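What's in target_2.txt: compact mmCIF, C-alpha atoms and all ligand atoms
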```
# COMPACT_ATOMS: atom_id res chain seq x y z
CA MET A 21 -26.15 21.74 7.99
CA SER A 22 -29.14 20.48 9.93
CA ASP A 23 -30.39 18.75 6.73
CA LEU A 24 -27.33 16.55 6.88
CA ALA A 25 -27.67 15.59 10.52
CA PRO A 26 -29.52 12.28 9.95
CA GLU A 27 -27.04 11.25 7.25
CA LEU A 28 -24.12 12.14 9.47
CA ASP A 29 -25.56 10.14 12.38
CA ASN A 30 -26.17 7.20 10.10
CA PHE A 31 -22.62 7.43 8.76
CA GLN A 32 -21.05 7.60 12.22
CA GLN A 33 -23.28 4.75 13.39
CA LYS A 34 -21.98 2.48 10.60
CA ILE A 35 -18.44 3.31 11.64
CA ASP A 36 -19.13 2.76 15.33
CA ASP A 37 -20.67 -0.62 14.41
CA GLU A 38 -17.41 -1.63 12.66
CA GLN A 39 -19.05 -1.57 9.23
CA ARG A 40 -17.07 -0.41 6.22
CA ILE A 41 -18.00 2.64 4.19
CA GLU A 42 -18.32 1.80 0.48
CA PRO A 43 -17.86 4.15 -2.51
CA LYS A 44 -21.55 4.85 -3.19
CA ASP A 45 -22.43 5.52 0.46
CA TRP A 46 -23.08 9.02 1.69
CA MET A 47 -20.00 10.39 3.43
CA PRO A 48 -19.02 13.77 4.85
CA GLU A 49 -16.96 15.83 2.42
CA LYS A 50 -14.19 16.05 4.99
CA TYR A 51 -14.01 12.29 5.28
CA ARG A 52 -13.67 12.04 1.51
CA LEU A 53 -10.98 14.71 1.34
CA ASN A 54 -9.11 13.29 4.31
CA LEU A 55 -9.06 9.88 2.61
CA ILE A 56 -7.95 11.32 -0.72
CA ARG A 57 -5.07 13.03 1.08
CA GLN A 58 -3.99 9.95 3.03
CA MET A 59 -4.55 7.34 0.29
CA SER A 60 -2.90 9.32 -2.51
CA GLN A 61 0.02 10.06 -0.20
CA HIS A 62 0.27 6.34 0.46
CA ALA A 63 0.13 5.56 -3.29
CA HIS A 64 2.80 8.18 -4.04
CA SER A 65 5.00 6.65 -1.34
CA GLU A 66 4.84 3.24 -3.02
CA VAL A 67 5.78 4.78 -6.37
CA ILE A 68 8.50 7.17 -5.19
CA GLY A 69 9.72 4.41 -2.87
CA MET A 70 10.86 2.47 -5.95
CA GLN A 71 13.66 4.98 -6.56
CA PRO A 72 16.10 4.38 -3.67
CA GLU A 73 15.99 0.63 -4.34
CA GLY A 74 15.61 0.85 -8.09
CA ASN A 75 18.99 2.57 -8.21
CA TRP A 76 20.56 -0.65 -6.93
CA ILE A 77 18.99 -3.18 -9.31
CA SER A 78 21.82 -3.04 -11.81
CA SER A 79 24.49 -2.96 -9.05
CA ALA A 80 23.17 -5.73 -6.79
CA PRO A 81 26.03 -8.16 -6.01
CA SER A 82 24.67 -11.24 -7.83
CA LEU A 83 22.13 -12.23 -10.45
CA TYR A 84 20.02 -13.71 -7.64
CA ARG A 85 19.98 -10.45 -5.67
CA LYS A 86 19.15 -8.56 -8.88
CA ILE A 87 16.06 -10.62 -9.65
CA VAL A 88 14.91 -10.51 -6.03
CA LEU A 89 15.24 -6.74 -5.91
CA LEU A 90 13.63 -6.31 -9.31
CA SER A 91 10.74 -8.42 -8.13
CA LYS A 92 10.37 -6.41 -4.92
CA VAL A 93 10.40 -3.09 -6.77
CA GLN A 94 7.85 -4.48 -9.22
CA ASP A 95 5.57 -5.27 -6.26
CA GLU A 96 5.88 -1.67 -5.06
CA ALA A 97 4.72 -0.43 -8.46
CA GLY A 98 1.75 -2.77 -8.05
CA HIS A 99 1.03 -1.40 -4.58
CA GLY A 100 0.95 2.08 -6.07
CA LEU A 101 -1.59 0.90 -8.64
CA TYR A 102 -3.83 -0.85 -6.06
CA LEU A 103 -3.89 2.36 -4.06
CA TYR A 104 -4.43 4.74 -6.97
CA SER A 105 -7.39 2.69 -8.16
CA ALA A 106 -8.84 2.57 -4.62
CA THR A 107 -8.44 6.36 -4.37
CA GLU A 108 -10.17 6.86 -7.73
CA THR A 109 -13.37 5.46 -6.14
CA LEU A 110 -13.50 8.75 -4.19
CA GLY A 111 -13.94 10.75 -7.38
CA ILE A 112 -10.43 11.99 -8.11
CA SER A 113 -8.63 11.10 -11.34
CA ARG A 114 -5.23 9.50 -11.54
CA ALA A 115 -3.99 12.38 -13.69
CA GLU A 116 -4.98 14.84 -10.98
CA MET A 117 -3.19 12.82 -8.27
CA ASN A 118 -0.15 12.64 -10.47
CA SER A 119 -0.05 16.37 -11.07
CA ARG A 120 -0.48 17.08 -7.34
CA LEU A 121 2.49 14.84 -6.63
CA GLN A 122 4.63 16.56 -9.21
CA SER A 123 3.66 20.07 -8.08
CA GLY A 124 4.50 19.20 -4.48
CA GLU A 125 0.93 19.83 -3.29
CA SER A 126 0.66 16.17 -2.36
CA LYS A 127 3.27 14.51 -0.16
CA TYR A 128 4.86 11.07 0.09
CA ALA A 129 6.68 9.33 2.95
CA SER A 130 9.67 11.50 3.81
CA ILE A 131 11.94 8.47 4.26
CA PHE A 132 12.30 8.14 0.50
CA ASN A 133 14.16 11.44 0.45
CA TYR A 134 17.18 9.76 2.04
CA PRO A 135 19.86 8.39 -0.32
CA SER A 136 20.69 4.66 -0.60
CA LEU A 137 24.47 4.77 -0.46
CA THR A 138 25.59 1.15 -0.11
CA TRP A 139 24.30 -2.37 -0.76
CA ALA A 140 23.59 -2.69 2.97
CA ASP A 141 21.05 0.12 2.57
CA VAL A 142 18.96 -2.19 0.39
CA GLY A 143 18.95 -4.68 3.27
CA ALA A 144 18.11 -2.00 5.83
CA ILE A 145 15.32 -0.60 3.66
CA GLY A 146 13.63 -3.99 3.23
CA TRP A 147 14.01 -4.88 6.88
CA LEU A 148 13.34 -1.51 8.58
CA VAL A 149 11.41 0.63 6.09
CA ASP A 150 9.15 -2.15 4.84
CA GLY A 151 9.01 -3.42 8.43
CA ALA A 152 7.69 -0.08 9.65
CA ALA A 153 5.30 0.11 6.68
CA ILE A 154 3.96 -3.35 7.56
CA VAL A 155 3.15 -2.33 11.14
CA ASN A 156 1.19 0.62 9.78
CA GLN A 157 -0.47 -1.35 6.97
CA VAL A 158 -1.55 -4.26 9.16
CA SER A 159 -3.39 -1.72 11.28
CA LEU A 160 -4.96 -0.16 8.17
CA GLN A 161 -6.45 -3.48 7.08
CA ARG A 162 -9.24 -2.44 9.46
CA THR A 163 -9.59 1.12 8.18
CA SER A 164 -13.22 2.22 7.73
CA TYR A 165 -13.12 2.81 3.96
CA GLY A 166 -13.76 -0.52 2.21
CA PRO A 167 -11.61 -0.09 -0.92
CA TYR A 168 -8.66 1.13 1.20
CA ALA A 169 -8.98 -1.75 3.65
CA ARG A 170 -9.10 -4.29 0.82
CA ALA A 171 -6.07 -2.75 -0.89
CA MET A 172 -4.21 -3.05 2.43
CA ILE A 173 -5.07 -6.72 2.74
CA ARG A 174 -3.67 -7.38 -0.75
CA ILE A 175 -0.56 -5.36 -0.02
CA CYS A 176 0.16 -6.99 3.34
CA LYS A 177 0.16 -10.41 1.69
CA GLU A 178 3.11 -9.29 -0.42
CA GLU A 179 5.06 -7.32 2.17
CA SER A 180 6.39 -10.21 4.17
CA PHE A 181 8.65 -11.21 1.26
CA HIS A 182 9.94 -7.64 1.14
CA GLN A 183 10.93 -7.55 4.77
CA ARG A 184 12.46 -11.01 4.74
CA GLN A 185 14.62 -10.44 1.68
CA GLY A 186 15.92 -7.28 3.38
CA TYR A 187 16.61 -9.05 6.65
CA ASP A 188 18.27 -11.87 4.70
CA ILE A 189 20.70 -9.35 3.18
CA MET A 190 21.47 -8.07 6.69
CA VAL A 191 22.03 -11.61 7.99
CA LYS A 192 24.51 -12.35 5.20
CA LEU A 193 26.40 -9.10 5.82
CA ALA A 194 26.37 -9.64 9.59
CA GLU A 195 27.93 -13.08 9.09
CA GLY A 196 30.50 -11.68 6.69
CA SER A 197 33.82 -9.87 6.92
CA LYS A 198 34.58 -6.99 9.27
CA GLU A 199 33.95 -4.54 6.42
CA GLN A 200 30.59 -6.12 5.67
CA ARG A 201 29.52 -5.93 9.32
CA GLU A 202 30.54 -2.29 9.43
CA MET A 203 28.61 -1.59 6.28
CA ALA A 204 25.52 -3.23 7.80
CA GLN A 205 25.90 -1.25 11.03
CA ASP A 206 26.36 1.98 9.10
CA ALA A 207 23.14 1.35 7.18
CA ILE A 208 21.22 0.73 10.41
CA ASN A 209 22.67 3.92 11.86
CA ARG A 210 21.37 5.96 8.94
CA TRP A 211 17.97 4.28 8.46
CA TRP A 212 16.84 3.73 12.05
CA TRP A 213 15.69 7.24 12.95
CA PRO A 214 14.04 7.99 9.61
CA SER A 215 12.16 4.66 10.00
CA LEU A 216 10.78 5.85 13.34
CA MET A 217 9.75 9.12 11.69
CA MET A 218 7.61 7.15 9.22
CA PHE A 219 4.91 6.87 11.89
CA GLY A 220 4.48 10.65 11.87
CA PRO A 221 4.45 13.25 14.64
CA HIS A 222 3.59 12.49 18.26
CA ASP A 223 -0.13 12.03 18.83
CA SER A 224 -0.17 15.30 20.75
CA ASP A 225 1.18 17.16 17.68
CA SER A 226 -0.67 15.34 14.94
CA VAL A 227 -3.13 17.68 13.25
CA ASN A 228 -5.31 15.10 11.53
CA SER A 229 -5.16 12.34 14.11
CA GLN A 230 -8.19 12.85 16.31
CA GLN A 231 -10.77 13.15 13.56
CA SER A 232 -9.11 10.25 11.72
CA MET A 233 -9.45 8.07 14.80
CA LYS A 234 -13.09 9.01 15.28
CA TRP A 235 -13.79 8.10 11.66
CA LYS A 236 -11.59 5.02 12.04
CA ILE A 237 -9.52 5.96 9.03
CA LYS A 238 -6.66 5.38 11.45
CA ARG A 239 -7.08 2.54 13.91
CA GLN A 240 -4.05 3.00 16.13
CA SER A 241 -2.20 6.15 17.04
CA ASN A 242 1.20 7.14 15.62
CA ASP A 243 2.93 6.62 18.96
CA ASP A 244 1.36 3.21 19.58
CA LEU A 245 2.39 1.94 16.15
CA ARG A 246 5.90 3.34 16.57
CA GLN A 247 6.22 1.60 19.95
CA LYS A 248 5.13 -1.68 18.40
CA PHE A 249 7.79 -1.35 15.72
CA VAL A 250 10.54 -0.54 18.23
CA ASP A 251 9.54 -3.46 20.45
CA GLN A 252 9.73 -6.01 17.67
CA THR A 253 12.86 -4.65 16.00
CA VAL A 254 15.14 -4.76 19.06
CA GLN A 255 15.19 -8.56 19.15
CA GLN A 256 15.77 -8.80 15.40
CA THR A 257 18.78 -6.52 15.80
CA GLU A 258 20.17 -8.63 18.64
CA ILE A 259 20.04 -11.72 16.45
CA LEU A 260 22.23 -9.87 13.95
CA LYS A 261 24.60 -8.93 16.81
CA LEU A 262 24.35 -5.35 15.59
CA GLU A 263 23.05 -2.27 17.39
CA LEU A 264 20.33 0.31 17.09
CA PRO A 265 21.86 3.80 17.29
CA ASP A 266 20.04 4.95 20.43
CA PRO A 267 21.78 5.22 23.83
CA ASP A 268 18.39 5.70 25.53
CA LEU A 269 16.97 2.44 24.27
CA LYS A 270 16.18 0.13 27.17
CA TRP A 271 13.53 -2.26 28.40
CA ASN A 272 11.01 -0.74 30.78
CA GLU A 273 9.74 -3.49 33.04
CA GLU A 274 6.86 -1.41 34.32
CA ARG A 275 5.54 -0.43 30.88
CA GLN A 276 6.47 -3.77 29.32
CA HIS A 277 7.85 -1.82 26.38
CA TYR A 278 11.19 -0.43 25.29
CA ASP A 279 11.88 3.20 26.14
CA PHE A 280 13.67 5.03 23.37
CA GLY A 281 15.21 8.42 22.67
CA GLU A 282 13.56 11.49 21.15
CA ILE A 283 13.31 11.82 17.39
CA ASP A 284 14.95 14.83 15.77
CA TRP A 285 11.71 16.54 14.80
CA ASP A 286 13.49 19.46 13.25
CA GLU A 287 15.01 17.09 10.70
CA PHE A 288 11.59 15.50 10.15
CA TYR A 289 9.93 18.82 9.31
CA GLN A 290 12.87 19.97 7.20
CA VAL A 291 12.60 16.86 5.02
CA ILE A 292 8.83 17.22 4.71
CA LYS A 293 9.30 20.83 3.66
CA GLY A 294 11.45 19.66 0.77
CA ASN A 295 14.91 20.09 2.22
CA GLY A 296 15.92 16.42 2.45
CA HIS A 297 18.86 15.02 0.51
CA CYS A 298 16.86 13.79 -2.44
CA ASN A 299 13.48 15.63 -2.54
CA ARG A 300 14.22 17.48 -5.77
CA ASP A 301 15.79 14.47 -7.46
CA ARG A 302 12.89 12.21 -6.61
CA ILE A 303 10.31 14.52 -8.19
CA LYS A 304 12.56 15.37 -11.11
CA HIS A 305 13.02 11.69 -11.83
CA HIS A 306 9.27 11.07 -11.55
CA VAL A 307 8.56 13.89 -14.02
CA SER A 308 11.14 12.66 -16.52
CA ALA A 309 9.96 9.04 -16.25
CA HIS A 310 6.44 10.28 -16.92
CA GLU A 311 7.55 12.35 -19.90
CA GLU A 312 9.71 9.61 -21.33
CA GLY A 313 6.68 7.32 -21.14
CA ALA A 314 4.53 9.69 -23.20
CA TRP A 315 5.12 7.72 -26.40
CA VAL A 316 3.52 4.64 -24.82
CA ARG A 317 0.37 6.57 -23.93
CA ASP A 318 0.36 8.16 -27.42
CA ALA A 319 0.68 4.75 -29.02
CA MET A 320 -2.24 3.44 -26.97
CA THR A 321 -4.43 6.36 -27.99
CA ALA A 322 -3.47 5.95 -31.65
CA TYR A 323 -4.28 2.24 -31.47
CA ALA A 324 -7.68 2.94 -29.90
CA GLU A 325 -8.47 5.50 -32.62
CA LYS A 326 -7.43 3.12 -35.37
CA LYS A 327 -9.61 0.37 -33.96
CA ALA A 328 -12.59 2.72 -33.67
CA GLN A 329 -12.14 3.77 -37.33
CA ARG A 330 -11.99 0.15 -38.50
CA LYS A 331 -15.19 -0.57 -36.64
CA GLU A 332 -16.92 2.34 -38.38
CA VAL A 333 -15.84 1.11 -41.79
CA ALA A 334 -16.93 -2.48 -41.12
CA MET B 13 -35.31 -19.12 -22.54
CA SER B 14 -32.75 -17.42 -24.75
CA ASP B 15 -35.06 -14.84 -26.27
CA PRO B 16 -32.79 -13.05 -28.77
CA SER B 17 -33.97 -9.66 -27.54
CA LEU B 18 -32.66 -10.41 -24.07
CA ILE B 19 -29.09 -9.81 -22.97
CA LEU B 20 -27.02 -12.01 -20.70
CA PHE B 21 -25.55 -10.31 -17.62
CA GLU B 22 -23.03 -11.63 -15.12
CA VAL B 23 -23.93 -10.96 -11.50
CA PHE B 24 -21.52 -10.00 -8.70
CA VAL B 25 -22.67 -9.71 -5.11
CA ARG B 26 -21.07 -8.06 -2.11
CA SER B 27 -22.20 -10.29 0.72
CA ASN B 28 -21.26 -7.82 3.41
CA ARG B 29 -19.94 -4.30 3.70
CA GLY B 30 -16.17 -4.36 3.54
CA LEU B 31 -15.90 -7.44 1.30
CA ASP B 32 -15.15 -7.65 -2.43
CA HIS B 33 -17.98 -8.32 -4.86
CA GLN B 34 -17.93 -11.95 -5.93
CA HIS B 35 -19.29 -13.62 -9.00
CA VAL B 36 -22.44 -15.61 -8.24
CA GLY B 37 -23.97 -16.37 -11.67
CA SER B 38 -25.87 -14.71 -14.49
CA VAL B 39 -29.32 -13.49 -15.52
CA TYR B 40 -31.09 -12.50 -18.73
CA ALA B 41 -32.63 -9.04 -18.94
CA SER B 42 -33.41 -6.35 -21.49
CA ASP B 43 -31.26 -3.68 -19.85
CA HIS B 44 -29.04 -3.00 -16.82
CA GLU B 45 -31.88 -1.86 -14.56
CA GLN B 46 -33.91 -4.96 -15.24
CA ALA B 47 -30.84 -7.11 -14.76
CA LEU B 48 -30.39 -5.64 -11.28
CA VAL B 49 -33.97 -6.47 -10.36
CA ASN B 50 -33.69 -9.98 -11.79
CA ALA B 51 -30.41 -10.55 -10.00
CA ARG B 52 -31.97 -9.45 -6.74
CA ASP B 53 -34.83 -11.91 -7.28
CA VAL B 54 -32.58 -14.79 -8.25
CA TYR B 55 -29.54 -14.40 -6.03
CA ILE B 56 -30.38 -12.48 -2.88
CA ARG B 57 -33.76 -13.57 -1.68
CA ARG B 58 -32.44 -14.25 1.81
CA GLY B 59 -30.24 -11.26 2.47
CA GLU B 60 -27.19 -12.85 0.84
CA GLY B 61 -25.91 -9.47 -0.23
CA VAL B 62 -25.84 -5.73 0.33
CA SER B 63 -24.74 -4.66 -3.15
CA ILE B 64 -25.05 -6.09 -6.66
CA TRP B 65 -23.06 -5.39 -9.81
CA VAL B 66 -24.37 -6.48 -13.19
CA VAL B 67 -22.04 -6.54 -16.19
CA LYS B 68 -22.92 -7.56 -19.75
CA THR B 69 -21.40 -10.98 -20.32
CA ASP B 70 -20.15 -9.82 -23.71
CA ASP B 71 -18.16 -7.10 -22.00
CA ILE B 72 -16.14 -9.59 -20.01
CA VAL B 73 -12.84 -10.61 -21.51
CA ALA B 74 -11.39 -13.68 -19.84
CA SER B 75 -8.02 -15.33 -20.07
CA GLN B 76 -8.04 -19.06 -20.72
CA GLU B 77 -5.75 -21.39 -18.88
CA SER B 78 -5.47 -23.66 -21.90
CA ASP B 79 -5.09 -20.89 -24.46
CA VAL B 80 -1.78 -19.38 -23.65
CA ASP B 81 0.73 -21.29 -21.58
CA THR B 82 3.06 -18.38 -21.64
CA PHE B 83 0.40 -16.08 -20.13
CA TYR B 84 0.88 -17.64 -16.70
CA ASP B 85 4.29 -19.07 -17.27
CA PRO B 86 6.26 -16.18 -15.75
CA MET B 87 5.01 -17.12 -12.25
CA ASP B 88 6.29 -20.66 -12.22
CA ASP B 89 9.99 -20.24 -11.62
CA LYS B 90 9.98 -17.37 -9.14
CA ALA B 91 10.16 -18.97 -5.73
CA TYR B 92 11.93 -15.87 -4.47
CA ARG B 93 8.65 -13.95 -4.62
CA HIS B 94 7.49 -15.93 -1.61
CA ALA B 95 8.45 -15.03 1.94
CA MET B 96 9.01 -18.71 2.67
CA SER B 97 12.04 -18.87 0.39
CA TYR B 98 14.06 -16.84 2.92
CA PRO B 99 15.02 -19.05 5.85
CA MET B 100 15.19 -16.89 8.96
CA PRO B 101 17.80 -17.33 11.71
CA GLU B 102 16.87 -19.51 14.67
CA GLY B 103 14.69 -17.68 17.19
CA VAL B 104 14.00 -14.42 15.32
CA LYS B 105 10.50 -13.12 16.04
CA ASN B 106 7.83 -11.04 14.31
CA ILE B 107 9.23 -11.31 10.82
FE FE C 1 4.22 0.27 1.41
FE FE C 2 4.61 -1.57 -0.78
FE FE C 3 7.16 -3.27 0.38
```
Would you write out, as structure tokens, the structure that this file holds?
Ligand SMILES: [Fe+2]
Ligand SMILES: [Fe+2]
Ligand SMILES: [Fe+2]
Amino acid sequence: MSDLAPELDNFQQKIDDEQRIEPKDWMPEKYRLNLIRQMSQHAHSEVIGMQPEGNWISSAPSLYRKIVLLSKVQDEAGHGLYLYSATETLGISRAEMNSRLQSGESKYASIFNYPSLTWADVGAIGWLVDGAAIVNQVSLQRTSYGPYARAMIRICKEESFHQRQGYDIMVKLAEGSKEQREMAQDAINRWWWPSLMMFGPHDSDSVNSQQSMKWKIKRQSNDDLRQKFVDQTVQQTEILKLELPDPDLKWNEERQHYDFGEIDWDEFYQVIKGNGHCNRDRIKHHVSAHEEGAWVRDAMTAYAEKKAQRKEVA
Amino acid sequence: MSDPSLILFEVFVRSNRGLDHQHVGSVYASDHEQALVNARDVYIRRGEGVSIWVVKTDDIVASQESDVDTFYDPMDDKAYRHAMSYPMPEGVKNI
């Protein structure tokens, strides 16, 4: 242990000086493992996150909404790829990450275990779920691991379209018939609390938080980020003349923030444990999509072999 | 200069920790190690970088703008991929 002391000091010094850690730098094993856990979980969330929206591509109400949604879901696939390749720089293979996702050893954002029941859900997801993700990802643009920070910068550039197309759906519904307004309100009612859960447990209950803050993997605490999201979303909801489903929500002049009610943490932990509405379906679908894609990977291997043989002959 | 026994390498430099490597030019060398040394001598004599990548020029496959119109074509008619194509209601903030 004492042999590592100078390296560890040097590592922490770089972090304290706001420098980024790059793949070939010495890093504590725990830092590496902590990053693999967080980054692969983030990558899985992008990929699994395609499912609730993907289900609506063929049912979106117009050709325009179909191509917009298709384009958004395509971006999410890309975000998954940016993040998997950044995670691979830590010495874990994509196949290994994939198998950990499918075995349940590795998690993804629990919000994607909620079902998308109506078209208004697609609006609420873009506005609230991507909105919450943006708050988190903007903060992570300054994370200490270089490849992760750079992936976040690329992703944030694309997210603003995601949130706006979602909000645009909500605006159209809010301006529509009574039924459409009710549908929009119902979607907010179901997605609001899970969106707040996306920021994770309270700082006081968060197992990994303190070390992550010291290593600057995380730059702002779960509760601070959640507060930021609440503060900015209230006004956006007022513009829609719709409501957030929280009787305790009110402006606190002293704190200069909105107070809000307590999250149902029991529900949060139940969903993480695998007992959400869609946990099994999400993984089952991921496994079958992977298996159904086997012929593409086989074809690529066959093509590579054929090319290698031709080269030998020539 | 183009001694046939020498290989051309493209040089990428990370100017500061946290930034992407960027292409700066090329060098001739007999192998990767020598290319690194040459790149250091040519491109970062004044602390312009903290990390260098060298890649054999022959190993780089590049798309050509003129070659394949259709390669880039799919981007042209998709205004909806840009946040700006969604007008937001008057007064809405942080979105
Ligand atoms: Fe995301
Ligand atoms: Fe994303
Ligand atoms: Fe997104």
Pull the closest atom pair for each residue of chain A that gets at most 9 Å from ligand FE 2 (chain C), along with the distance in Å to one decimal, counting all atoms listed in the file, ordering rows by chain and then ascending residue number, as a Markdown table.
```
| residue | atom | partner | partner_atom | distance |
| --- | --- | --- | --- | --- |
| A:Ala63 | CA | C:FE2 | FE | 8.8 |
| A:Ser65 | CA | C:FE2 | FE | 8.2 |
| A:Glu66 | CA | C:FE2 | FE | 5.3 |
| A:Val67 | CA | C:FE2 | FE | 8.5 |
| A:Gly69 | CA | C:FE2 | FE | 8.1 |
| A:Lys92 | CA | C:FE2 | FE | 8.6 |
| A:Val93 | CA | C:FE2 | FE | 8.5 |
| A:Asp95 | CA | C:FE2 | FE | 6.7 |
| A:Glu96 | CA | C:FE2 | FE | 4.5 |
| A:Ala97 | CA | C:FE2 | FE | 7.8 |
| A:Gly98 | CA | C:FE2 | FE | 7.9 |
| A:His99 | CA | C:FE2 | FE | 5.2 |
| A:Gly100 | CA | C:FE2 | FE | 7.4 |
| A:Asp150 | CA | C:FE2 | FE | 7.2 |
| A:Ala153 | CA | C:FE2 | FE | 7.7 |
| A:Ile154 | CA | C:FE2 | FE | 8.6 |
| A:Ile175 | CA | C:FE2 | FE | 6.5 |
| A:Cys176 | CA | C:FE2 | FE | 8.1 |
| A:Glu178 | CA | C:FE2 | FE | 7.9 |
| A:Glu179 | CA | C:FE2 | FE | 6.5 |
| A:His182 | CA | C:FE2 | FE | 8.3 |
```
task: Considering all atoms listed in the file, extract the chain B residues located within 8 Å of chain A and return them as a VMD selection string.
output: chain B and resid 29 to 32 92 to 96 98 to 101 104 to 107
Pull C-alpha atoms from the residues just selected and write them as a compact mmCIF listing (two decimals), in the coordinates of the input.
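Now in part.txt:
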```txt
# COMPACT_ATOMS: atom_id res chain seq x y z
CA ARG B 29 -19.94 -4.30 3.70
CA GLY B 30 -16.17 -4.36 3.54
CA LEU B 31 -15.90 -7.44 1.30
CA ASP B 32 -15.15 -7.65 -2.43
CA TYR B 92 11.93 -15.87 -4.47
CA ARG B 93 8.65 -13.95 -4.62
CA HIS B 94 7.49 -15.93 -1.61
CA ALA B 95 8.45 -15.03 1.94
CA MET B 96 9.01 -18.71 2.67
CA TYR B 98 14.06 -16.84 2.92
CA PRO B 99 15.02 -19.05 5.85
CA MET B 100 15.19 -16.89 8.96
CA PRO B 101 17.80 -17.33 11.71
CA VAL B 104 14.00 -14.42 15.32
CA LYS B 105 10.50 -13.12 16.04
CA ASN B 106 7.83 -11.04 14.31
CA ILE B 107 9.23 -11.31 10.82
```
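With CA of Ser229 (chain A) on one side and CA of Asn54 (chain A) on the other, the separation reads 10.6 Å.
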task: Have a look at A:Glu274, A:Lys248, A:Leu148, A:Thr107 and name the one nearest to Leu53 (chain A); count only C-alpha atoms.
output: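 Among the listed residues, A:Thr107 lies closest to Leu53 (chain A).
Coordinates place CA of Ala171 (chain A) at a distance of 5.9 Å from CA of Tyr102 (chain A).
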message: When you count only C-alpha atoms, which of these residues is closest to Met218 (chain A): A:Ala129, A:Gly294, A:Leu160, A:Leu262?
response: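 Of A:Ala129, A:Gly294, A:Leu160, A:Leu262, the one nearest Met218 (chain A), counting only C-alpha atoms, is A:Ala129.
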With 5 Å added on each side, what axis-aligned box encloses every listed atom of region 49-65 of chain B? Give the centre and edge lengths in Å to one decimal, as lines of an AutoDock Vina configuration file.
```
center_x = -28.9
center_y = -9.7
center_z = -4.7
size_x = 21.8
size_y = 20.1
size_z = 24.3
```
message: Would you compute the distance between CA of Ser130 (chain A) and CA of His305 (chain A)? Give it in Å to one decimal.
response: 16.0 Å
query: Quick one: residues within 12 Å of Glu45 (chain B), only C-alpha atoms counted, chain neighbours fewer than 3 positions away excluded, as a list in words?
result: Ile19, Phe21, Val39, Tyr40, Ala41, Ser42, Leu48, Val49, Asn50, Ala51, Arg52, Ile64, Trp65, Val66, Val67 and Lys68 of chain B
For the residues in the current selection, export C-alpha atoms as an mmCIF file, keeping the file's coordinate frame.
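The result, written out as out30.cif:
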```cif
data_model
loop_
_atom_site.group_PDB
_atom_site.id
_atom_site.type_symbol
_atom_site.label_atom_id
_atom_site.label_comp_id
_atom_site.auth_asym_id
_atom_site.auth_seq_id
_atom_site.Cartn_x
_atom_site.Cartn_y
_atom_site.Cartn_z
ATOM 1 C CA ILE B 19 -29.090 -9.810 -22.970
ATOM 2 C CA PHE B 21 -25.550 -10.310 -17.620
ATOM 3 C CA VAL B 39 -29.320 -13.490 -15.520
ATOM 4 C CA TYR B 40 -31.090 -12.500 -18.730
ATOM 5 C CA ALA B 41 -32.630 -9.040 -18.940
ATOM 6 C CA SER B 42 -33.410 -6.350 -21.490
ATOM 7 C CA LEU B 48 -30.390 -5.640 -11.280
ATOM 8 C CA VAL B 49 -33.970 -6.470 -10.360
ATOM 9 C CA ASN B 50 -33.690 -9.980 -11.790
ATOM 10 C CA ALA B 51 -30.410 -10.550 -10.000
ATOM 11 C CA ARG B 52 -31.970 -9.450 -6.740
ATOM 12 C CA ILE B 64 -25.050 -6.090 -6.660
ATOM 13 C CA TRP B 65 -23.060 -5.390 -9.810
ATOM 14 C CA VAL B 66 -24.370 -6.480 -13.190
ATOM 15 C CA VAL B 67 -22.040 -6.540 -16.190
ATOM 16 C CA LYS B 68 -22.920 -7.560 -19.750
#
```
For Arg210 (chain A): contacts at 9 Å, all atoms listed in the file, fewer than 3 positions along chain excluded, given as a list in words: Tyr134, Asp141, Gln205, Asp206, Ala207, Trp213, Pro214 and Pro265 of chain A
field: Residues near Pro72 (chain A), cut-off 7 Å, all atoms listed in the file, skip fewer than 5 positions along chain, as a ChimeraX atom specification
entry: /A:132,135-136
Which residue of A:Ile68, A:Trp285, A:Gly124, A:Arg300 approaches ligand FE 1 (chain C) most closely, using only C-alpha atoms and all ligand atoms: A:Ile68
query: For Tyr55 (chain B), which of B:Ala91, B:Pro16, B:Phe24, B:Gly103 is the closest residue, counting only C-alpha atoms?
result: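 Ranked by minimum distance to Tyr55 (chain B), first place goes to B:Phe24.
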query: Of the candidates A:Gln94, A:Gln32, A:Asn118, A:Asn156, which one gets nearest to ligand FE 1 (chain C) if we count all atoms listed in the file?
result: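 Among A:Gln94, A:Gln32, A:Asn118, A:Asn156, it is A:Asn156 that comes nearest to ligand FE 1 (chain C).
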query: In terms of the shortest atom-to-atom distance over all atoms listed in the file, which of A:Leu83, A:Ala25, A:Leu137, A:Val149 is closest to ligand FE 1 (chain C)?
result: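 Among the listed residues, the smallest separation from ligand FE 1 (chain C) belongs to A:Val149.
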Residues at most 6 Å from Arg26 (chain B), counting only C-alpha atoms, excluding those fewer than 3 positions away in the same chain, as a PDB file with C-alpha atoms, in the coordinates of the input?
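As a result, result_34.pdb now contains:
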```pdb
ATOM      1  CA  ASP B  32     -15.150  -7.650  -2.430  1.00  0.00           C
ATOM      2  CA  HIS B  33     -17.980  -8.320  -4.860  1.00  0.00           C
ATOM      3  CA  GLY B  61     -25.910  -9.470  -0.230  1.00  0.00           C
ATOM      4  CA  VAL B  62     -25.840  -5.730   0.330  1.00  0.00           C
ATOM      5  CA  SER B  63     -24.740  -4.660  -3.150  1.00  0.00           C
TER       6      SER B  63
END
```
